[in-house]
Each structure stands twice: as C-alpha cells, then as structure tokens.
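Chemist: Provided herewith: model_31.pdb, PDB, C-alpha atoms, pLDDT in the B column.
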ATOM      1  CA  MET A   2      11.204  -1.675  -9.857  1.00 52.00           C
ATOM      2  CA  ARG A   3      12.433   1.470  -8.125  1.00 51.00           C
ATOM      3  CA  ILE A   4       8.983   1.917  -6.558  1.00 50.00           C
ATOM      4  CA  TRP A   5       9.538  -1.413  -4.816  1.00 51.00           C
ATOM      5  CA  LEU A   6      12.963  -0.328  -3.514  1.00 52.00           C
ATOM      6  CA  GLY A   7      11.766   3.067  -2.329  1.00 49.00           C
ATOM      7  CA  SER A   8       8.607   1.796  -0.657  1.00 51.00           C
ATOM      8  CA  SER A   9      10.452  -0.977   1.186  1.00 54.00           C
ATOM      9  CA  SER A  10      13.080   1.410   2.558  1.00 52.00           C
ATOM     10  CA  CYS A  11      10.598   4.112   3.595  1.00 53.00           C
ATOM     11  CA  ILE A  12       8.262   1.677   5.348  1.00 51.00           C
ATOM     12  CA  LEU A  13      11.159   0.209   7.337  1.00 54.00           C
ATOM     13  CA  LEU A  14      12.317   3.613   8.623  1.00 53.00           C
ATOM     14  CA  LEU A  15       8.791   4.840   9.355  1.00 52.00           C
ATOM     15  CA  LEU A  16       8.016   1.751  11.411  1.00 54.00           C
ATOM     16  CA  ILE A  17      11.243   2.094  13.414  1.00 54.00           C
ATOM     17  CA  ASN A  18      10.378   5.688  14.335  1.00 50.00           C
ATOM     18  CA  ALA A  19       6.793   4.732  15.181  1.00 51.00           C
ATOM     19  CA  TRP A  20       7.967   1.919  17.467  1.00 53.00           C
ATOM     20  CA  TYR A  21      10.319   4.060  19.536  1.00 48.00           C
ATOM     21  CA  ASN A  22       8.049   7.119  19.668  1.00 51.00           C
ATOM     22  CA  SER A  23       4.703   5.502  20.474  1.00 57.00           C
ATOM     23  CA  ASP A  24       4.461   1.714  20.241  1.00 66.00           C
ATOM     24  CA  ALA A  25       7.222   0.747  22.679  1.00 65.00           C
ATOM     25  CA  PRO A  26       6.084   3.023  25.566  1.00 65.00           C
ATOM     26  CA  SER A  27       2.477   1.871  25.086  1.00 69.00           C
ATOM     27  CA  PHE A  28       3.472  -1.798  24.963  1.00 67.00           C
ATOM     28  CA  LEU A  29       5.652  -1.593  28.087  1.00 67.00           C
ATOM     29  CA  TYR A  30       3.009   0.310  30.045  1.00 66.00           C
ATOM     30  CA  THR A  31       0.134  -2.047  29.239  1.00 69.00           C
ATOM     31  CA  ARG A  32       2.266  -5.132  29.849  1.00 67.00           C
ATOM     32  CA  ASN A  33       3.653  -3.895  33.150  1.00 68.00           C
ATOM     33  CA  THR A  34       0.160  -2.973  34.353  1.00 70.00           C
ATOM     34  CA  GLN A  35      -1.048  -6.391  33.161  1.00 70.00           C
ATOM     35  CA  MET A  36      -3.781  -4.908  30.984  1.00 73.00           C
ATOM     36  CA  TYR A  37      -2.999  -7.566  28.390  1.00 73.00           C
ATOM     37  CA  GLY A  38      -0.206  -9.965  27.518  1.00 77.00           C
ATOM     38  CA  VAL A  39       2.383 -10.051  24.759  1.00 80.00           C
ATOM     39  CA  LEU A  40       0.422 -12.337  22.426  1.00 85.00           C
ATOM     40  CA  PRO A  41      -2.730 -10.150  22.118  1.00 83.00           C
ATOM     41  CA  TYR A  42      -0.525  -7.102  21.526  1.00 80.00           C
ATOM     42  CA  PHE A  43       1.565  -8.920  18.932  1.00 83.00           C
ATOM     43  CA  ILE A  44      -1.484 -10.183  17.027  1.00 86.00           C
ATOM     44  CA  ALA A  45      -3.058  -6.710  17.013  1.00 81.00           C
ATOM     45  CA  LYS A  46       0.244  -5.127  15.940  1.00 79.00           C
ATOM     46  CA  THR A  47       0.687  -7.638  13.112  1.00 83.00           C
ATOM     47  CA  ILE A  48      -2.849  -7.107  11.805  1.00 83.00           C
ATOM     48  CA  SER A  49      -2.418  -3.336  11.993  1.00 78.00           C
ATOM     49  CA  ASP A  50       0.973  -3.393  10.256  1.00 75.00           C
ATOM     50  CA  MET A  51      -0.287  -5.604   7.439  1.00 76.00           C
ATOM     51  CA  THR A  52      -3.356  -3.502   6.710  1.00 75.00           C
ATOM     52  CA  THR A  53      -3.384   0.207   7.509  1.00 68.00           C
ATOM     53  CA  THR A  54       0.330   0.954   7.070  1.00 66.00           C
ATOM     54  CA  ILE A  55       0.560  -0.992   3.808  1.00 71.00           C
ATOM     55  CA  ILE A  56      -2.499   0.488   2.083  1.00 76.00           C
ATOM     56  CA  LEU A  57      -0.878   3.697   0.806  1.00 75.00           C
ATOM     57  CA  PRO A  58       2.338   2.062  -0.519  1.00 76.00           C
ATOM     58  CA  SER A  59       0.209  -0.595  -2.241  1.00 78.00           C
ATOM     59  CA  LEU A  60      -2.038   2.074  -3.756  1.00 82.00           C
ATOM     60  CA  TYR A  61       1.068   3.876  -5.003  1.00 81.00           C
ATOM     61  CA  GLY A  62       2.338   0.667  -6.611  1.00 82.00           C
ATOM     62  CA  ILE A  63      -1.044   0.031  -8.263  1.00 85.00           C
ATOM     63  CA  ILE A  64      -1.083   3.504  -9.840  1.00 86.00           C
ATOM     64  CA  VAL A  65       2.528   3.357 -11.013  1.00 85.00           C
ATOM     65  CA  TYR A  66       1.981  -0.126 -12.514  1.00 89.00           C
ATOM     66  CA  TRP A  67      -0.265   1.290 -15.234  1.00 89.00           C
ATOM     67  CA  MET A  68       1.707   4.520 -15.626  1.00 87.00           C
ATOM     68  CA  ALA A  69       4.879   2.490 -16.278  1.00 85.00           C
ATOM     69  CA  ASN A  70       3.092   0.410 -18.935  1.00 86.00           C
ATOM     70  CA  LEU A  71       3.953  -2.887 -17.296  1.00 88.00           C
ATOM     71  CA  ARG A  72       2.466  -6.175 -18.494  1.00 89.00           C
ATOM     72  CA  PRO A  73      -1.167  -5.299 -19.361  1.00 88.00           C
ATOM     73  CA  THR A  74      -2.943  -8.466 -18.244  1.00 91.00           C
ATOM     74  CA  ALA A  75      -5.201  -9.024 -15.240  1.00 92.00           C
ATOM     75  CA  ALA A  76      -3.176 -12.005 -14.000  1.00 93.00           C
ATOM     76  CA  ALA A  77       0.131 -10.102 -14.164  1.00 93.00           C
ATOM     77  CA  PHE A  78      -1.410  -7.075 -12.430  1.00 93.00           C
ATOM     78  CA  PHE A  79      -2.853  -8.984  -9.472  1.00 93.00           C
ATOM     79  CA  GLN A  80       0.343 -11.013  -9.117  1.00 93.00           C
ATOM     80  CA  PHE A  81       2.291  -7.740  -9.049  1.00 92.00           C
ATOM     81  CA  VAL A  82       0.013  -6.394  -6.291  1.00 89.00           C
ATOM     82  CA  LEU A  83       0.528  -9.561  -4.229  1.00 91.00           C
ATOM     83  CA  ILE A  84       4.321  -9.566  -4.675  1.00 91.00           C
ATOM     84  CA  PHE A  85       4.594  -5.836  -3.983  1.00 87.00           C
ATOM     85  CA  TYR A  86       2.474  -6.168  -0.839  1.00 87.00           C
ATOM     86  CA  LEU A  87       4.472  -9.139   0.484  1.00 89.00           C
ATOM     87  CA  THR A  88       7.816  -7.468  -0.172  1.00 86.00           C
ATOM     88  CA  VAL A  89       6.868  -4.190   1.498  1.00 83.00           C
ATOM     89  CA  SER A  90       5.278  -5.970   4.469  1.00 84.00           C
ATOM     90  CA  THR A  91       8.396  -8.131   4.873  1.00 86.00           C
ATOM     91  CA  SER A  92      10.501  -4.972   4.930  1.00 83.00           C
ATOM     92  CA  GLN A  93       8.150  -3.708   7.610  1.00 81.00           C
ATOM     93  CA  SER A  94       8.675  -6.902   9.597  1.00 85.00           C
ATOM     94  CA  VAL A  95      12.449  -6.396   9.401  1.00 84.00           C
ATOM     95  CA  GLY A  96      11.992  -2.878  10.791  1.00 80.00           C
ATOM     96  CA  LEU A  97       9.946  -4.182  13.709  1.00 82.00           C
ATOM     97  CA  LEU A  98      12.501  -6.889  14.435  1.00 86.00           C
ATOM     98  CA  LEU A  99      15.353  -4.361  14.504  1.00 82.00           C
ATOM     99  CA  SER A 100      13.331  -2.039  16.740  1.00 80.00           C
ATOM    100  CA  VAL A 101      12.617  -4.780  19.265  1.00 81.00           C
ATOM    101  CA  ALA A 102      16.117  -6.280  19.152  1.00 81.00           C
ATOM    102  CA  ILE A 103      18.025  -2.984  19.519  1.00 79.00           C
ATOM    103  CA  PRO A 104      16.865  -0.744  22.383  1.00 75.00           C
ATOM    104  CA  ASN A 105      18.644   2.389  21.118  1.00 74.00           C
ATOM    105  CA  LEU A 106      16.887   4.489  18.436  1.00 71.00           C
ATOM    106  CA  GLN A 107      20.053   6.147  17.119  1.00 75.00           C
ATOM    107  CA  VAL A 108      21.840   2.814  16.693  1.00 75.00           C
ATOM    108  CA  THR A 109      18.820   1.306  14.941  1.00 74.00           C
ATOM    109  CA  LEU A 110      18.494   4.246  12.541  1.00 73.00           C
ATOM    110  CA  MET A 111      22.181   3.949  11.650  1.00 76.00           C
ATOM    111  CA  LEU A 112      22.032   0.195  11.170  1.00 78.00           C
ATOM    112  CA  ALA A 113      18.705  -0.078   9.316  1.00 76.00           C
ATOM    113  CA  PRO A 114      19.611   1.820   6.096  1.00 77.00           C
ATOM    114  CA  ALA A 115      22.928  -0.016   5.789  1.00 80.00           C
ATOM    115  CA  LEU A 116      21.222  -3.373   6.289  1.00 80.00           C
ATOM    116  CA  MET A 117      18.483  -2.517   3.788  1.00 79.00           C
ATOM    117  CA  ILE A 118      20.994  -1.425   1.139  1.00 80.00           C
ATOM    118  CA  PHE A 119      22.986  -4.614   1.692  1.00 84.00           C
ATOM    119  CA  LEU A 120      19.870  -6.793   1.336  1.00 81.00           C
ATOM    120  CA  LEU A 121      18.822  -4.944  -1.832  1.00 80.00           C
ATOM    121  CA  ILE A 122      22.295  -5.286  -3.352  1.00 83.00           C
ATOM    122  CA  LEU A 123      21.920  -9.019  -2.794  1.00 85.00           C
ATOM    123  CA  SER A 124      18.550  -9.001  -4.589  1.00 84.00           C
ATOM    124  CA  GLY A 125      20.044  -8.892  -8.093  1.00 83.00           C
ATOM    125  CA  PHE A 126      18.733  -5.401  -8.888  1.00 81.00           C
ATOM    126  CA  TYR A 127      22.116  -3.664  -8.853  1.00 81.00           C
ATOM    127  CA  VAL A 128      24.421  -6.630  -9.488  1.00 84.00           C
ATOM    128  CA  PRO A 129      23.303  -9.837 -11.271  1.00 86.00           C
ATOM    129  CA  LEU A 130      23.218 -12.756  -8.846  1.00 87.00           C
ATOM    130  CA  ASP A 131      25.846 -14.611 -10.885  1.00 85.00           C
ATOM    131  CA  ASN A 132      28.249 -11.669 -10.548  1.00 86.00           C
ATOM    132  CA  LEU A 133      28.084 -11.277  -6.775  1.00 87.00           C
ATOM    133  CA  ASN A 134      31.374 -11.671  -4.956  1.00 87.00           C
ATOM    134  CA  PRO A 135      31.623 -15.253  -3.632  1.00 87.00           C
ATOM    135  CA  ALA A 136      32.319 -13.869  -0.161  1.00 87.00           C
ATOM    136  CA  ILE A 137      28.781 -12.431   0.043  1.00 87.00           C
ATOM    137  CA  ALA A 138      26.914 -14.422  -2.619  1.00 87.00           C
ATOM    138  CA  TRP A 139      25.725 -16.967  -0.050  1.00 89.00           C
ATOM    139  CA  ALA A 140      23.953 -14.202   1.874  1.00 89.00           C
ATOM    140  CA  SER A 141      21.667 -13.500  -1.094  1.00 89.00           C
ATOM    141  CA  TRP A 142      19.733 -16.639  -0.166  1.00 90.00           C
ATOM    142  CA  LEU A 143      18.805 -14.932   3.113  1.00 89.00           C
ATOM    143  CA  SER A 144      17.677 -11.671   1.509  1.00 88.00           C
ATOM    144  CA  PHE A 145      13.939 -11.144   1.170  1.00 89.00           C
ATOM    145  CA  GLY A 146      14.802  -8.666  -1.591  1.00 86.00           C
ATOM    146  CA  ARG A 147      16.115 -11.490  -3.768  1.00 90.00           C
ATOM    147  CA  TYR A 148      12.800 -13.310  -3.790  1.00 92.00           C
ATOM    148  CA  GLY A 149      10.645 -10.198  -4.066  1.00 90.00           C
ATOM    149  CA  TYR A 150      12.656  -8.760  -6.953  1.00 90.00           C
ATOM    150  CA  SER A 151      12.937 -12.147  -8.689  1.00 92.00           C
ATOM    151  CA  ALA A 152       9.173 -12.624  -8.499  1.00 93.00           C
ATOM    152  CA  LEU A 153       8.554  -9.152  -9.951  1.00 91.00           C
ATOM    153  CA  VAL A 154      10.953  -9.768 -12.854  1.00 91.00           C
ATOM    154  CA  ILE A 155       9.449 -13.189 -13.553  1.00 93.00           C
ATOM    155  CA  ASN A 156       5.951 -11.716 -13.477  1.00 93.00           C
ATOM    156  CA  GLU A 157       6.920  -9.061 -16.012  1.00 90.00           C
ATOM    157  CA  PHE A 158       9.162 -10.937 -18.444  1.00 90.00           C
ATOM    158  CA  SER A 159       8.617 -14.694 -18.221  1.00 88.00           C
ATOM    159  CA  GLY A 160       7.185 -16.214 -21.398  1.00 84.00           C
ATOM    160  CA  ARG A 161       6.986 -12.991 -23.396  1.00 81.00           C
ATOM    161  CA  SER A 162       8.994 -11.202 -26.061  1.00 79.00           C
ATOM    162  CA  ILE A 163      10.178  -7.619 -25.843  1.00 76.00           C
ATOM    163  CA  ASP A 164       9.243  -5.867 -29.079  1.00 72.00           C
ATOM    164  CA  CYS A 165      11.685  -3.763 -31.024  1.00 67.00           C
ATOM    165  CA  ALA A 166      11.487  -0.003 -30.858  1.00 63.00           C
ATOM    166  CA  GLU A 167      10.632   2.027 -33.927  1.00 61.00           C
ATOM    167  CA  GLY A 168      13.406   1.905 -36.485  1.00 55.00           C
ATOM    168  CA  GLU A 169      14.249  -1.709 -35.578  1.00 51.00           C
ATOM    169  CA  VAL A 170      16.615  -0.697 -32.799  1.00 49.00           C
ATOM    170  CA  SER A 171      17.990  -3.872 -31.258  1.00 51.00           C
ATOM    171  CA  VAL A 172      17.715  -4.650 -27.576  1.00 53.00           C
ATOM    172  CA  SER A 173      20.669  -6.306 -25.875  1.00 53.00           C
ATOM    173  CA  LEU A 174      21.630  -7.491 -22.433  1.00 57.00           C
ATOM    174  CA  SER A 175      25.013  -7.663 -20.798  1.00 53.00           C
ATOM    175  CA  GLY A 176      26.635 -10.873 -21.942  1.00 52.00           C
ATOM    176  CA  GLY A 177      23.731 -11.614 -24.304  1.00 51.00           C
ATOM    177  CA  SER A 178      22.911 -11.282 -27.967  1.00 52.00           C
ATOM    178  CA  ASP A 179      21.367  -8.400 -29.902  1.00 60.00           C
ATOM    179  CA  GLU A 180      18.340 -10.522 -30.756  1.00 65.00           C
ATOM    180  CA  CYS A 181      15.156  -8.581 -31.408  1.00 70.00           C
ATOM    181  CA  PRO A 182      12.448  -9.184 -30.335  1.00 70.00           C
ATOM    182  CA  LEU A 183      14.270 -10.136 -27.160  1.00 74.00           C
ATOM    183  CA  PRO A 184      12.953 -13.250 -25.379  1.00 77.00           C
ATOM    184  CA  GLY A 185      11.793 -12.361 -21.879  1.00 78.00           C
ATOM    185  CA  ASP A 186      13.465 -15.457 -20.476  1.00 83.00           C
ATOM    186  CA  ASP A 187      16.812 -13.934 -21.470  1.00 82.00           C
ATOM    187  CA  VAL A 188      16.084 -11.113 -19.021  1.00 82.00           C
ATOM    188  CA  LEU A 189      15.664 -13.670 -16.242  1.00 87.00           C
ATOM    189  CA  ALA A 190      18.988 -15.270 -17.168  1.00 86.00           C
ATOM    190  CA  SER A 191      20.689 -11.854 -17.243  1.00 84.00           C
ATOM    191  CA  ILE A 192      20.069 -11.305 -13.516  1.00 84.00           C
ATOM    192  CA  GLY A 193      21.161 -14.838 -12.624  1.00 86.00           C
ATOM    193  CA  LEU A 194      17.793 -16.628 -12.350  1.00 87.00           C
ATOM    194  CA  SER A 195      17.802 -20.254 -13.392  1.00 85.00           C
ATOM    195  CA  GLY A 196      16.260 -23.611 -12.565  1.00 85.00           C
ATOM    196  CA  ALA A 197      13.491 -23.765  -9.979  1.00 87.00           C
ATOM    197  CA  PHE A 198      13.981 -20.108  -9.058  1.00 89.00           C
ATOM    198  CA  THR A 199      12.445 -19.010 -12.353  1.00 90.00           C
ATOM    199  CA  ASN A 200       9.134 -20.145 -10.845  1.00 93.00           C
ATOM    200  CA  LEU A 201       7.168 -17.160  -9.581  1.00 94.00           C
ATOM    201  CA  TRP A 202       5.276 -19.027  -6.870  1.00 95.00           C
ATOM    202  CA  LEU A 203       8.419 -20.589  -5.410  1.00 95.00           C
ATOM    203  CA  ASN A 204       9.813 -17.096  -4.838  1.00 94.00           C
ATOM    204  CA  VAL A 205       6.506 -15.911  -3.389  1.00 95.00           C
ATOM    205  CA  GLY A 206       6.385 -18.920  -1.055  1.00 96.00           C
ATOM    206  CA  ILE A 207       9.914 -18.292   0.218  1.00 95.00           C
ATOM    207  CA  LEU A 208       9.018 -14.625   0.786  1.00 93.00           C
ATOM    208  CA  VAL A 209       6.058 -15.694   2.926  1.00 94.00           C
ATOM    209  CA  LEU A 210       8.243 -18.108   4.929  1.00 95.00           C
ATOM    210  CA  ILE A 211      10.845 -15.385   5.558  1.00 94.00           C
ATOM    211  CA  GLN A 212       8.151 -13.062   6.860  1.00 92.00           C
ATOM    212  CA  ILE A 213       6.710 -15.742   9.142  1.00 93.00           C
ATOM    213  CA  PHE A 214      10.191 -16.445  10.530  1.00 95.00           C
ATOM    214  CA  ILE A 215      10.908 -12.747  11.129  1.00 91.00           C
ATOM    215  CA  ARG A 216       7.557 -12.205  12.860  1.00 91.00           C
ATOM    216  CA  GLY A 217       8.068 -15.317  14.979  1.00 93.00           C
ATOM    217  CA  LEU A 218      11.519 -14.156  16.067  1.00 93.00           C
ATOM    218  CA  THR A 219      10.095 -10.731  16.888  1.00 89.00           C
ATOM    219  CA  TYR A 220       7.459 -12.322  19.100  1.00 90.00           C
ATOM    220  CA  VAL A 221      10.117 -14.294  21.007  1.00 91.00           C
ATOM    221  CA  LEU A 222      12.144 -11.119  21.576  1.00 87.00           C
ATOM    222  CA  LEU A 223       9.047  -9.215  22.723  1.00 83.00           C
ATOM    223  CA  ARG A 224       8.372 -11.851  25.370  1.00 82.00           C
ATOM    224  CA  ARG A 225      11.907 -11.394  26.649  1.00 79.00           C
ATOM    225  CA  THR A 226      11.762  -7.603  26.708  1.00 72.00           C
ATOM    226  CA  PRO A 227      12.480  -6.454  30.283  1.00 64.00           C
TER     227      PRO A 227
END
Now, as a test, write the supplied structure out as structure tokens.
Modeler:
Amino acid sequence: MRIWLGSSSCILLLLINAWYNSDAPSFLYTRNTQMYGVLPYFIAKTISDMTTTIILPSLYGIIVYWMANLRPTAAAFFQFVLIFYLTVSTSQSVGLLLSVAIPNLQVTLMLAPALMIFLLILSGFYVPLDNLNPAIAWASWLSFGRYGYSALVINEFSGRSIDCAEGEVSVSLSGGSDECPLPGDDVLASIGLSGAFTNLWLNVGILVLIQIFIRGLTYVLLRRTP
C-alpha cells in the first residue's frame, strides 16, 4: 500500500510545480488574448492529466502488484489497477485545485504536503478508523484516501483466508484473535471497515464522486481567475 501513498504524494507535488511553471502562464496568456475560453482549456487539461501524467505511476503499480505477491487473480488485478488509477488521479485533482485556489507557489508547496499527510492519516492506513480522535474522525469522510485505501484493502482481503507461515506461526491483529488461517474479513474490521463500506464498489463510486466535485470546483475557480 506504500506505493499508493508515495505515488499520490509525488503526483500532487509534480502537478503543483507544473502549474506554476508552465500551465498558469500559458492559460492566462491564451485566455487574455482570447485564443480560447476556459472550458476548452479545462477539458484538454483534464484529459491530459488523466492520461499522460498517470501512465507511469500506473505502470509502476502494475509491476509492484506482482512483485509484492498480491492476490493472484485477474479480477483482483484489474480492480487494483482501477482503484490505484482513481486514487492517484484524485490526488492529482487536489493538486490542481490547490494550485488554482492559491496564487502563491511557496504557500501552496508548504500547504500541500501537510494537507496530503492529514488526508492519508484519515484514510485508516496509519490509525484504524475506529481509533481516530473524535475531534477529527468526522473529517475522514471527506478524505479521498479513506475510500481509495479501503477499496484496496477490500480488494486484497475480502472473502479470503490468510494462510499460516511455515512452522504454524499464528497471525494476529490488534484487538483480534490469534486464529490461523486468519479470515480476511478480520483485516477489514481491524482498520474500522464495517457495514456498507466493506463493499468495494461503494468506495470506488465515492472516489469518483469526490474527483468530479474537485474538478468541478477547480473549473469554477478557473473562470474567476483574474
């Protein structure tokens, strides 16, 4: 799962630098000279972001999937590729939104890593969702990392058993039993997933909706850019 965290963070920072160094001056020049409007630019930018700049991270995830010996089925593999792609592209959308909303590069570069770390903490990767402080637990529902990470965990562990290692070494989870083989559904429960949110496609759907909302908000801000 660390490949997901690293790729999301790197893509966000790369896009921020690209926006300030090349995209923003080009956008302002072509708009001010009335070469084309905001909508054609935004559509072209979205298509470009969701293809060329996502190819290499996705290829990296595909290679690491088999190297890490993750679930060796075609369905699980293609679902992983979809979830990985959506999560990284959503991170990219967050980077674009921050770049458009904050006109100062230094401020954006200071804010972006802190925001990304906060969103990833709320995903359940570092702290189980049930153990989050009540003061910030509500914010986990707004974190795209929660739904991306949940979908990846569900894809890997739902409905399977984790075999024992050689020598019958037991596998245990925090707050769980030493049962071996360990039911995969216990892994879902250990990070705080329950009820409808153990459904992979619900998490994927919410991830898509978050990305659509972020892109829509970015478009509104672009139209208001002086």
Chemist: Please write the residues picked by the PyMOL selection byres ((chain A and resi 213) around 12) on this file as a list in words.
Modeler: Thr47, Leu87, Ser90, Thr91, Ser94, Val95, Leu98, Phe145, Gly206, Ile207, Leu208, Val209, Leu210, Ile211, Gln212, Phe214, Ile215, Arg216, Gly217, Leu218, Thr219 and Tyr220 of chain A
Chemist: What does the file look like for those residues with C-alpha atoms, as a short mmCIF file (atom, residue, chain, number, x, y, z; two decimals), in the frame of the given file?
Modeler:
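Once everything was written out, this is part_33.cif:
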data_model
loop_
_atom_site.label_atom_id
_atom_site.label_comp_id
_atom_site.auth_asym_id
_atom_site.auth_seq_id
_atom_site.Cartn_x
_atom_site.Cartn_y
_atom_site.Cartn_z
CA THR A 47 0.69 -7.64 13.11
CA LEU A 87 4.47 -9.14 0.48
CA SER A 90 5.28 -5.97 4.47
CA THR A 91 8.40 -8.13 4.87
CA SER A 94 8.68 -6.90 9.60
CA VAL A 95 12.45 -6.40 9.40
CA LEU A 98 12.50 -6.89 14.44
CA PHE A 145 13.94 -11.14 1.17
CA GLY A 206 6.38 -18.92 -1.06
CA ILE A 207 9.91 -18.29 0.22
CA LEU A 208 9.02 -14.62 0.79
CA VAL A 209 6.06 -15.69 2.93
CA LEU A 210 8.24 -18.11 4.93
CA ILE A 211 10.84 -15.38 5.56
CA GLN A 212 8.15 -13.06 6.86
CA PHE A 214 10.19 -16.44 10.53
CA ILE A 215 10.91 -12.75 11.13
CA ARG A 216 7.56 -12.20 12.86
CA GLY A 217 8.07 -15.32 14.98
CA LEU A 218 11.52 -14.16 16.07
CA THR A 219 10.10 -10.73 16.89
CA TYR A 220 7.46 -12.32 19.10
#
Chemist: Can you list, as a list in words, the residues that the PyMOL selection byres ((chain A and resi 51) around 12) selects here?
Modeler: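 Checked against the file, the PyMOL selection byres ((chain A and resi 51) around 12) matches Ile12, Leu16, Ile44, Ala45, Lys46, Thr47, Ile48, Ser49, Asp50, Thr52, Thr53, Thr54, Ile55, Ile56, Leu57, Pro58, Ser59, Tyr86, Leu87, Thr88, Val89, Ser90, Thr91, Ser92, Gln93, Ser94, Gln212 and Arg216 of chain A.
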Chemist: So, counting all atoms listed in the file, which residue among A:Ser191, A:Ser159, A:Ser144, A:Thr226 is closest to Met117 in chain A?
Modeler: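 Comparing A:Ser191, A:Ser159, A:Ser144, A:Thr226 against Met117 in chain A, the winner is A:Ser144.
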Chemist: Have a look at CA of Leu120 in chain A and CA of Leu143 in chain A and let me know their distance in Å, one decimal.
Modeler: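 CA of Leu143 in chain A lies 8.4 Å from CA of Leu120 in chain A.
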Chemist: Could you work out how far CA of Glu157 in chain A lies from CA of Arg72 in chain A, giving the answer in Å with one decimal?
Modeler: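 Spanning CA of Arg72 in chain A to CA of Glu157 in chain A is a straight-line distance of 5.9 Å.
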Chemist: Give me, please, the distance in Å between CA of Val221 in chain A and CA of Leu110 in chain A, quoted to one decimal.
Modeler: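 Calculated distance between CA of Val221 in chain A and CA of Leu110 in chain A is 22.0 Å.
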Chemist: Carefully work through the PyMOL selection byres ((chain A and resi 148) around 9) for this structure and note down the residues it includes, as a list of chain:residue names.
Modeler: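 Applying the PyMOL selection byres ((chain A and resi 148) around 9) to the structure shown produces A:Thr88, A:Ser124, A:Trp142, A:Ser144, A:Phe145, A:Gly146, A:Arg147, A:Gly149, A:Tyr150, A:Ser151, A:Ala152, A:Leu153, A:Phe198, A:Leu201, A:Leu203, A:Asn204, A:Val205, A:Gly206, A:Ile207, A:Leu208.
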Chemist: Between A:Phe158, A:Trp202, A:Tyr37, A:Phe126, single out the one closest to Gln80 in chain A, counting all atoms listed in the file.
Modeler: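 Smallest distance to Gln80 in chain A is found for A:Trp202.
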